[in-house]
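Below is one structure, written out as structure tokens; the observations come after it.
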Amino acid sequence: MQIDIVTLFPEMFHGPFAVSMVARAVAQGLVSVNVVPLRPFGVGEHRLTDDYPYGGGPGMVMRPEPIVRAVEWAAARVPATPTVLVTSAQGRPVDQRQLQHWAEMPYLVLVAGHYEGIDQRVVPLLKAEEVSIGDYVLTGGELPTMVIVDGVVRLLPGVLGASDGAAHDSFSMEAGGLEGPQYTRPVSYRGFDVPEVLRSGHHERIRAWRLGEGRRAAQRRTPGAKDP
């Protein structure tokens, strides 16, 4: 899988992608992650990437030309049609199903929005999808881009240690539940004990308990919902 990231701040990606699952996947040749600095594609001798918004308003808006040129330059180097994602507060919320879908794509291009956002013409020009990681505002799209890349890469075959590890994650559990609470040693700690069922060795009882706890956790995340 190939992942290209178009960003004004490429330095932000050096640390997060040099450790943990993403670094392991890159080392194993399961994914190639390339960061494309946007500034060289800027307009004019000063390589401008933003301008004042039409209609007035605070802040600046990212110009369409640098973004389109950067994505086209990146895509010309890869023999696959890119799936282009643009981080945006007005984008579709990212969920586990979307991550699983993107993990099946051969080539992803993520554009990290910044300032007041990007010129809307970028979306139809690149046949892009606007995506969001939550109903809150961050300084830029770099952190959301990291979140999406991490979520996608860990779903690639061979990345996780357990062959079916991702299938037991929260939001991937059967019946759409969450993963139940986890415990390890010691058995007793400051008056709190590991549930007896987890120490029973009875695999069917453990499976049923975890499924039930996951469903209850999912219910608690729904405002006004009661435990089943």
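Here's how to read the names in the structure tokens: chain A, B, ... by the order shown, residue numbers from 1 in each chain, ligand numbers from 1 in the order shown.
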
Shell of 12 Å around Val109 in chain A, only C-alpha atoms, local chain residues under 4 positions omitted, as a ChimeraX atom specification
/A:1-7,32-36,67-68,70-75,78,80-87,102,105,126-130,145,148-149

Show which residues sit within 6 Å of range 8-13 of chain A, as an mmCIF file with C-alpha atoms, in the first residue's frame. Count only C-alpha atoms, and ignore same-chain residues fewer than 2 positions away.
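Output below, filename around_26.cif:
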data_model
loop_
_atom_site.group_PDB
_atom_site.id
_atom_site.type_symbol
_atom_site.label_atom_id
_atom_site.label_comp_id
_atom_site.auth_asym_id
_atom_site.auth_seq_id
_atom_site.Cartn_x
_atom_site.Cartn_y
_atom_site.Cartn_z
ATOM 1 C CA GLY A 15 8.443 11.335 15.067
ATOM 2 C CA PRO A 16 5.032 9.604 15.022
ATOM 3 C CA PRO A 37 5.780 19.252 1.431
ATOM 4 C CA LEU A 38 3.243 21.684 0.007
#

Taking into account only C-alpha atoms, which residue in the set A:Leu156, A:Arg190, A:Asp95, A:Ser88 is nearest to Gly141 in chain A?
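Counting only C-alpha atoms, the residue closest to Gly141 in chain A is A:Ser88.
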
Gln120 in chain A environment, 10 Å, only C-alpha atoms, sequence neighbours closer than 5 positions dropped, as a list in words:
Val61, Met62, Arg63, Pro64 and Leu125 of chain A

Among listed residues A:Ile118, A:Leu30, A:Leu178, A:Val111, nearest Met60 in chain A (using only C-alpha atoms):
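For Met60 in chain A, the nearest of the candidates is A:Ile118.
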
Please report, as a list in words, each residue of range 119-214 of chain A to which DSSP assigns strand (DSSP E) when run on this structure's backbone.
Glu129, Glu130, Val131, Ser132, Ser188, Tyr189, Phe192 and Asp193 of chain A

Long-range neighbours of Thr184 in chain A as a VMD selection string, 10 Å cut-off, only C-alpha atoms, 4 positions minimum in chain
chain A and resid 188 194 198

Any chance you can output those residues with C-alpha atoms as a short mmCIF file (atom, residue, chain, number, x, y, z; two decimals), in the first residue's frame?
data_model
loop_
_atom_site.label_atom_id
_atom_site.label_comp_id
_atom_site.auth_asym_id
_atom_site.auth_seq_id
_atom_site.Cartn_x
_atom_site.Cartn_y
_atom_site.Cartn_z
CA SER A 188 -6.00 -8.40 43.55
CA VAL A 194 -9.95 -9.50 38.49
CA LEU A 198 -11.74 -14.31 33.51
#

Write down as a ChimeraX atom specification the residues belonging to range 1-219 of chain A that are assigned helix (DSSP H, G or I) by DSSP computed on the backbone.
/A:10-13,16-18,20-27,39-41,64-75,96-103,122-125,142-153,165-168,174-176,196-199,203-219

Same residues, C-alpha atoms, saved as a short mmCIF file (atom, residue, chain, number, x, y, z; two decimals), in the first residue's frame:
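Result saved to again.cif:
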data_model
loop_
_atom_site.label_atom_id
_atom_site.label_comp_id
_atom_site.auth_asym_id
_atom_site.auth_seq_id
_atom_site.Cartn_x
_atom_site.Cartn_y
_atom_site.Cartn_z
CA PRO A 10 6.17 17.87 7.01
CA GLU A 11 8.34 18.00 10.13
CA MET A 12 5.35 17.05 12.28
CA PHE A 13 5.32 13.53 10.82
CA PRO A 16 5.03 9.60 15.02
CA PHE A 17 5.81 7.51 11.94
CA ALA A 18 9.25 6.47 13.18
CA SER A 20 5.29 1.67 16.78
CA MET A 21 3.05 -0.02 14.20
CA VAL A 22 3.56 2.40 11.32
CA ALA A 23 7.34 2.11 11.55
CA ARG A 24 7.06 -1.68 11.75
CA ALA A 25 4.78 -1.84 8.72
CA VAL A 26 7.16 0.36 6.71
CA ALA A 27 10.17 -1.76 7.74
CA ARG A 39 5.41 24.81 0.00
CA PRO A 40 7.44 23.96 -3.16
CA PHE A 41 4.16 23.87 -5.11
CA PRO A 64 -6.27 25.40 -4.79
CA GLU A 65 -3.30 25.47 -7.17
CA PRO A 66 -0.57 24.24 -4.77
CA ILE A 67 -2.73 21.42 -3.43
CA VAL A 68 -3.85 20.18 -6.83
CA ARG A 69 -0.32 20.37 -8.22
CA ALA A 70 1.13 18.52 -5.22
CA VAL A 71 -1.41 15.71 -5.44
CA GLU A 72 -0.99 15.39 -9.21
CA TRP A 73 2.80 15.29 -8.82
CA ALA A 74 2.55 12.56 -6.18
CA ALA A 75 -0.01 10.54 -8.14
CA GLN A 96 -13.84 1.95 11.91
CA ARG A 97 -15.78 0.86 8.85
CA GLN A 98 -14.23 3.69 6.83
CA LEU A 99 -10.75 2.79 8.05
CA GLN A 100 -11.30 -0.80 6.98
CA HIS A 101 -12.47 0.38 3.57
CA TRP A 102 -9.43 2.62 3.08
CA ALA A 103 -7.11 -0.17 4.21
CA VAL A 122 -10.01 21.23 -4.53
CA VAL A 123 -12.63 18.62 -3.61
CA PRO A 124 -14.25 18.17 -7.05
CA LEU A 125 -10.98 18.73 -8.91
CA GLU A 142 -1.79 17.18 10.48
CA LEU A 143 -2.91 15.45 13.70
CA PRO A 144 -6.13 14.10 12.12
CA THR A 145 -4.04 12.83 9.22
CA MET A 146 -1.77 10.96 11.66
CA VAL A 147 -4.83 9.43 13.32
CA ILE A 148 -6.22 8.21 10.00
CA VAL A 149 -2.88 6.77 8.84
CA ASP A 150 -2.38 4.94 12.13
CA GLY A 151 -5.93 3.56 12.00
CA VAL A 152 -5.50 2.36 8.42
CA VAL A 153 -2.00 0.91 8.69
CA GLY A 165 -6.03 -8.95 16.36
CA ALA A 166 -7.88 -6.18 14.53
CA ALA A 167 -11.05 -8.27 14.36
CA HIS A 168 -11.34 -8.09 18.17
CA GLU A 174 -19.31 -8.88 16.69
CA ALA A 175 -22.73 -7.24 17.05
CA GLY A 176 -21.03 -3.86 16.78
CA GLU A 196 -13.74 -14.52 38.56
CA VAL A 197 -15.02 -15.43 35.09
CA LEU A 198 -11.74 -14.31 33.51
CA ARG A 199 -9.84 -16.64 35.86
CA HIS A 203 -13.59 -20.04 27.21
CA GLU A 204 -17.30 -19.88 26.33
CA ARG A 205 -18.17 -18.11 29.58
CA ILE A 206 -15.31 -15.66 29.02
CA ARG A 207 -16.42 -14.97 25.45
CA ALA A 208 -20.02 -14.36 26.57
CA TRP A 209 -18.89 -12.10 29.43
CA ARG A 210 -16.69 -10.01 27.14
CA LEU A 211 -19.45 -9.71 24.58
CA GLY A 212 -21.93 -8.58 27.21
CA GLU A 213 -19.52 -6.07 28.74
CA GLY A 214 -18.76 -4.69 25.27
CA ARG A 215 -22.45 -4.20 24.58
CA ARG A 216 -22.92 -2.44 27.91
CA ALA A 217 -19.97 -0.16 27.14
CA ALA A 218 -21.52 0.71 23.77
CA GLN A 219 -24.83 1.49 25.49
#

Atom-to-atom span, CA of Tyr54 in chain A and CA of Glu116 in chain A, Å
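Pair CA of Tyr54 in chain A / CA of Glu116 in chain A returns 12.1 Å.
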
Residues at most 8 Å from range 136-139 of chain A, counting only C-alpha atoms, excluding those fewer than 4 positions away in the same chain, as a PyMOL selection string?
chain A and resi 89+114-115
